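First the structure, in the form of structure tokens, and then the observations on it.
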Amino acid sequence: MKSNFIRISKIILLLSVVLIWSSCRNDLDFEKSEGDLIFSKDTVYLDTIFSNIGSSTYTLKVYNNSNSNILIPRIRLQNGPQSNYRLNVDGMTGDTPLAGNEFTNVELLAKDSMYVFIETTVDIQELVTNENQYLYTDRIEFGENDIQKVELITLVKDAIFIYPQQFISEDGTNQIETLNFDIDGDGIEDQTSIQGRFLQSNELNFTNEKPYVIYGYAAVNNGDILNIEAGARLHFHYNSGLLITDNASIHSNGMPSDDQSLMENEIIFEGNRLEDSFSEIPGQWQTIWLFNGSTNNKFNHTTIKNSTIGILCDGNQEDENKLEINNTQIYNSSNFGILGRATNIKCENLVINKSGQSSFAATFGGQYDVIHTTIANYWSYSFRQFPSLLLNNFSQDSDQNIIPNNLTKANFTNCIIYGNDNPELLLDNIVEADFNLNFKNCLLLFNDPNNFYNSPYYNFNDITLYENIILNSNPDFLDPDQNKLQISIESPASGYGITAGELSTDILGNQRNAPVDLGAYNAINFEN
């Protein structure tokens with residue numbers, strides 16, 4: 001009995017000490033903020049967005065540098081519920097019904113900080129016009145009497161939006177329009193699961209007046225030609241692209257630009273995220289798909305960047321007008337820069353760099369004439385399985401059966417084939433089909449001291465395959481990690497070319513040096 005009394009007395013004593021200690025603490029007391037907050041920036045720029053497309057999330061850091069805990073009585077957007085901005089304060093969504101707009105009695109401990117997350121979506125029709133670009137502003141207010149403010153600024157661009165229709169199916173589910181067309185050339189329309197729609201006749205001329213934003217695949221129908229004017233800008237949402245069907249064509253008609261930093265006359269294909277942080281991110285959209293049966297496809301003074309496959313060219317290997325590419329750049333493709341499959345491609349003044357697999361893959365046979373082209377691969381995101389240039393003469397069906405097809409010709413003249421791996425050339429052939437190739441006045445990276453690639457097609461002394469080849473010499477690019485593939489006048493590729501092709505100018509429109517240089521660019525003096 002006495003031991004129980006002693007135990008109870010100790011418990012009471014302990015609780016008394018805790019209560020007395022707690023009543024003396026002041027570290028959980030909060031003082032009302034009096035305008036002494038510190039901010040990581042006084043203005044938050046949310047970069048450029050398209051009308052009705054949400055921005056990325058931006059952050060503002062708020063500091064309490066005092067020795068006291070403070071209570072911020074109110075954090076709000078000046079425009080209140082009418083604001084097109086949305087806030088999240090340290091994970092809190094705000095006061096109902098003003099979620100995202102207003103927060104009350106926000107606590108911030110002494111010598112601590114918190115994050116304010118900011119997003120916006122703006123309908124450009126609500127703003128005042130200014131050459132299709134509109135400045136939307138608001139501000140975040142902290143406090144009630146001694147109000148502190150942080151400005152918010154967003155540039156909004158108007159655009160032409162192309163997207164498939166949505167509808168409710170018979171079973172009540174939401175469905176998105178898919179593309180149905182004759183895939184195998186038997187005259188019967190085939191159903192596909194490719195989300196998108198065909199362009200109407202009044203949509204087949206893309207101008208430079210406004211950018212185009214494409215959701216799903218925008219397709220060109222049988223017999224139609226999509227004409228894209230110089231200076232046009234095409235932006236693709238995730239999993240989106242262009243599809244050129246049987247007997248249809250695309251003409252990307254760019255022109256040389258006076259200011260290379262602006263590329264004002266270049267046609268540019270890229271993703272629809274305009275923030276600087278997305279400017280070089282691969283795989284933001286799908287591809288320009290030149291379907292089997294499409295013909296007379298042309299790209300000139302065009303830049304294709306940040307796709308999964310820059311150009312996917314299928315079939316028609318006997319069609320000399322299948323695809324012609326001049327003065328074009330393809331960068332940051334998560335898989336291939338160009339993927340040809342049993343097709344016919346002519347290139348001159350082409351630059352490809354940074355591809356997750358091959359920059360140029362001529363697969364399943366076909367015919368290829370490639371002149372004054374820089375095929376580089378300085379992929380830096382992860383390991384890549386394939387070299388810069390891949391050639392083969394077969395495919396495999398779903399059961400892994402080999403299907404041979406003749407590589408009728410693969411001619412590379414005045415080209416640079418290089419990268420940050422070794423080797424940067426893979427010749428993958430089977431004897432059941434022709435495998436005809438010719439490299440003339442090219443610089444190649446292929447270093448195989450252990451003779452791992454044991455094939456007569458790698459005999460660089462065989463003049464029926466290779467003429468005047470520079471092997472394993474650095475071309476001395478200006479800055480390949482930044483997609484600057486100009487070569488210096490000290491490069492071994494400088495002055496090593498021969499007269500070839502139909503163009504007398506390099507990719508920038510400059511008269512070619514004499515003697516001509518390898519690759520798409522004239523050699524330059526890096527010191528100037």
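Chains: A, B, ... in order of the structure tokens. Residues: from 1 per chain. Ligands: from 1, in order shown.
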- Message: as a list in words, please: the residues near Gly54 of chain A (cut-off 12 Å, only C-alpha atoms, same-chain neighbours under 3 positions excluded).
- Response: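 Near Gly54 of chain A, the qualifying residues are Leu46, Asp47, Thr48, Ile49, Phe50, Ser51, Thr57, Tyr58, Asn84, Tyr85, Arg86, Ile118, Glu119, Thr120, Thr121, Val122, Asp123, Thr154, Val156, Asn272, Arg273, Leu274 and Glu275 of chain A.
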- Item | Backbone-only DSSP, helix (DSSP H, G or I) members of segment 3-199 of chain A, as a list in words |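 Going through segment 3-199 of chain A, the helix (DSSP H, G or I) residues come out as Ser3, Asn4, Phe5, Ile6, Arg7, Ile8, Ser9, Lys10, Ile11, Ile12, Leu13, Leu14, Leu15, Ser16, Val17, Val18, Leu19, Ile20, Trp21, Ser22, Ser23, Cys24, Gly80, Pro81, Gln82, Ile124, Gln125 and Glu126 of chain A.
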- Item | Atom pair atom CA of Leu71 of chain A / atom CA of Pro97 of chain A: separation (Å) |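 Interatomic distance, atom CA of Leu71 of chain A to atom CA of Pro97 of chain A: 21.5 Å.
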- Task: Find the residues near segment 346-358 of chain A: any atom within 7 Å, counting only C-alpha atoms, skip ones fewer than 5 places away on the same chain, and give them as a ChimeraX atom specification.
- Result: /A:323-337,368-379,384-390,483,506-507,520
- Item | Shell around segment 39-45 of chain A at 8 Å using only C-alpha atoms, local window under 2 positions removed, as a PyMOL selection string | chain A and resi 37+47+58+60-63+149-154
- Please measure the separation of atom CA of Ile140 of chain A and atom CA of Asn79 of chain A, giving the value in Å to one decimal.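 Pair atom CA of Ile140 of chain A / atom CA of Asn79 of chain A returns 9.1 Å.
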- Task: Please provide as a ChimeraX atom specification all residues within 9 Å of Gly241 of chain A, with the sequence filter that same-chain residues fewer than 3 positions apart are discarded (counting only C-alpha atoms).
- Result: /A:196,214-219,236-238,285-289,307
